[in-house]
Amino acid sequence: MLKKKLLLIILIITFQQSLLAETVKVFDFTESEFETLKVKKVRRAKNKTKYKLGKNENGNFIRSEAEYAASGLGKEIELNLSKTPFLNITWRVEKDLSGINENTKKGHDYAARVFVIKKTGLTLLSNRAMNYVYSSNNEINTNRPSPYTKKSIDYVLSTTKESLNEWVTVKINVKEHFK
């Protein structure tokens with residue numbers, strides 16, 4: 001559960017085959033698309049995270065703010081990871097979650113996260129997930145199973161220790177991570 005106020009801004013999330021390949025945009029960050037995104041509140045959270053669209057010289061982005069709140073915003077898309085294995089994320093965190101142990105159930109919270117879920121069966125429990133995170137406490141490129149389930153891996157892509165209140169762009173090979 002969030003214990004501090006967070007500010008997260010996500011500018012671009014795309015999947016790519018390679019640097020020269022066609023890009024599959026996950027979000028266009030338009031008002032009409034923004035209205036179609038689904039919000040899921042975390043069970044134990046008091047409130048939902050507040051989301052709104054913003055714009056700067058690089059384009060549109062989603063701004064989120066959470067104070068004693070937790071929820072997710074997203075949509076479901078299907079991708080063939082053999083054709084589009086790369087995920088590109090541009091994000092910025094303005095306030096971190098210092099003083100928590102993100103690796104435990106009690107402190108399992110991140111300044112920002114992007115879930116990629118691989119359906120591996122008919123039920124939700126059979127799915128696998130990569131939880132790409134902007135950490136307040138862990139080092140970049142570290143990963144470990146979620147304290148809640150070994151079927152979800154927390155993978156640190158950015159950290160507020162190095163990039164607080166700065167735009168950070170990361171590119172990862174999701175297909176390789178699921179191996």
# chains A, B, ... in the order shown; residues from 1 in each chain; ligands from 1
$ select_by_dssp --residues "range 28-150 of chain A" --states "strand (DSSP E)" --output "PyMOL selection string"
chain A and resi 38-41+50-56+59-66+71-74+86-95+112-118+128-135+143-145
$ residues_around --residues "Glu139 in chain A" --least-positions-apart "3" --cutoff "9 Å" --atoms "only C-alpha atoms" --output "PyMOL selection string"
chain A and resi 135-136+142+156-159+161
$ closest_atom_pairs --of "range 26-111 of chain A" --to "range 162-168 of chain A" --cutoff "8 Å" --atoms "only C-alpha atoms" --output "JSON lines"
{"residue": "A:Thr90", "atom": "CA", "partner": "A:Val168", "partner_atom": "CA", "distance": 5.5}
{"residue": "A:Trp91", "atom": "CA", "partner": "A:Val168", "partner_atom": "CA", "distance": 5.5}
{"residue": "A:Arg92", "atom": "CA", "partner": "A:Trp167", "partner_atom": "CA", "distance": 4.7}
{"residue": "A:Val93", "atom": "CA", "partner": "A:Asn165", "partner_atom": "CA", "distance": 5.3}
{"residue": "A:Glu94", "atom": "CA", "partner": "A:Asn165", "partner_atom": "CA", "distance": 4.3}
{"residue": "A:Lys95", "atom": "CA", "partner": "A:Leu164", "partner_atom": "CA", "distance": 7.1}
{"residue": "A:Asp96", "atom": "CA", "partner": "A:Leu164", "partner_atom": "CA", "distance": 7.5}
$ write_last_selection --atoms "N, CA and C atoms" --output "short mmCIF file (atom, residue, chain, number, x, y, z; two decimals), in the first residue's frame"
data_model
loop_
_atom_site.label_atom_id
_atom_site.label_comp_id
_atom_site.auth_asym_id
_atom_site.auth_seq_id
_atom_site.Cartn_x
_atom_site.Cartn_y
_atom_site.Cartn_z
N THR A 90 9.19 5.34 -21.65
CA THR A 90 9.75 6.61 -21.23
C THR A 90 8.92 7.07 -20.03
N TRP A 91 9.58 7.30 -18.90
CA TRP A 91 8.86 7.65 -17.68
C TRP A 91 9.67 8.58 -16.80
N ARG A 92 9.00 9.19 -15.85
CA ARG A 92 9.64 10.10 -14.91
C ARG A 92 8.91 9.98 -13.58
N VAL A 93 9.66 9.91 -12.50
CA VAL A 93 9.09 9.89 -11.16
C VAL A 93 9.55 11.16 -10.46
N GLU A 94 8.59 11.92 -9.93
CA GLU A 94 8.90 13.18 -9.26
C GLU A 94 9.09 13.04 -7.76
N LYS A 95 8.54 11.97 -7.17
CA LYS A 95 8.68 11.75 -5.73
C LYS A 95 8.78 10.25 -5.50
N ASP A 96 9.75 9.83 -4.70
CA ASP A 96 9.98 8.40 -4.52
C ASP A 96 9.31 7.86 -3.26
#
$ residues_around --residues "Lys171 in chain A" --least-positions-apart "4" --cutoff "8 Å" --atoms "only C-alpha atoms" --output "list of chain:residue names"
A:Phe86, A:Leu87, A:Asn88, A:Ile89
$ closest_residue --among "A:Asp154, A:Glu102, A:Glu78, A:Glu176" --to "Val26 in chain A" --atoms "only C-alpha atoms"
A:Glu78
$ residues_around --residues "Lys41 in chain A" --least-positions-apart "6" --cutoff "10 Å" --atoms "only C-alpha atoms" --output "PyMOL selection string"
chain A and resi 47-49+69-73
$ residues_around --residues "Arg128 in chain A" --least-positions-apart "4" --cutoff "6 Å" --atoms "only C-alpha atoms" --output "ChimeraX atom specification"
/A:117-118,151-152
$ residues_around --residues "Asn103 in chain A" --least-positions-apart "5" --cutoff "9 Å" --atoms "only C-alpha atoms" --output "list of chain:residue names"
A:His108, A:Asp109, A:Asn138, A:Arg144, A:Pro145, A:Ser146, A:Pro147, A:Asp154
$ write_last_selection --atoms "N, CA, C and O atoms" --output "tab-separated table (two decimals), in the first residue's frame"
chain	number	residue	atom	x	y	z
A	108	HIS	N	6.13	-4.05	-0.55
A	108	HIS	CA	6.14	-4.32	-1.98
A	108	HIS	C	5.37	-3.22	-2.73
A	108	HIS	O	4.21	-3.35	-3.08
A	109	ASP	N	6.06	-2.13	-2.97
A	109	ASP	CA	5.48	-0.99	-3.67
A	109	ASP	C	6.59	-0.31	-4.45
A	109	ASP	O	7.74	-0.28	-4.02
A	138	ASN	N	16.12	-0.27	-4.97
A	138	ASN	CA	16.93	-1.34	-5.56
A	138	ASN	C	17.77	-0.82	-6.72
A	138	ASN	O	17.53	0.25	-7.25
A	144	ARG	N	13.81	-10.16	-9.07
A	144	ARG	CA	13.47	-11.20	-8.10
A	144	ARG	C	11.97	-11.49	-8.20
A	144	ARG	O	11.22	-10.63	-8.65
A	145	PRO	N	11.58	-12.67	-7.76
A	145	PRO	CA	10.14	-12.97	-7.75
A	145	PRO	C	9.40	-12.03	-6.81
A	145	PRO	O	9.94	-11.61	-5.78
A	146	SER	N	8.18	-11.72	-7.16
A	146	SER	CA	7.32	-10.94	-6.28
A	146	SER	C	7.17	-11.70	-4.97
A	146	SER	O	7.11	-12.92	-4.96
A	147	PRO	N	7.07	-10.99	-3.84
A	147	PRO	CA	6.86	-11.70	-2.57
A	147	PRO	C	5.47	-12.35	-2.50
A	147	PRO	O	5.22	-13.15	-1.61
A	154	ASP	N	9.70	-9.12	-10.48
A	154	ASP	CA	9.94	-7.68	-10.39
A	154	ASP	C	11.31	-7.40	-11.01
A	154	ASP	O	12.32	-7.94	-10.55
$ closest_residue --among "A:Lys38, A:Lys25, A:Lys150, A:Lys46" --to "Asn127 in chain A" --atoms "only C-alpha atoms"
A:Lys150
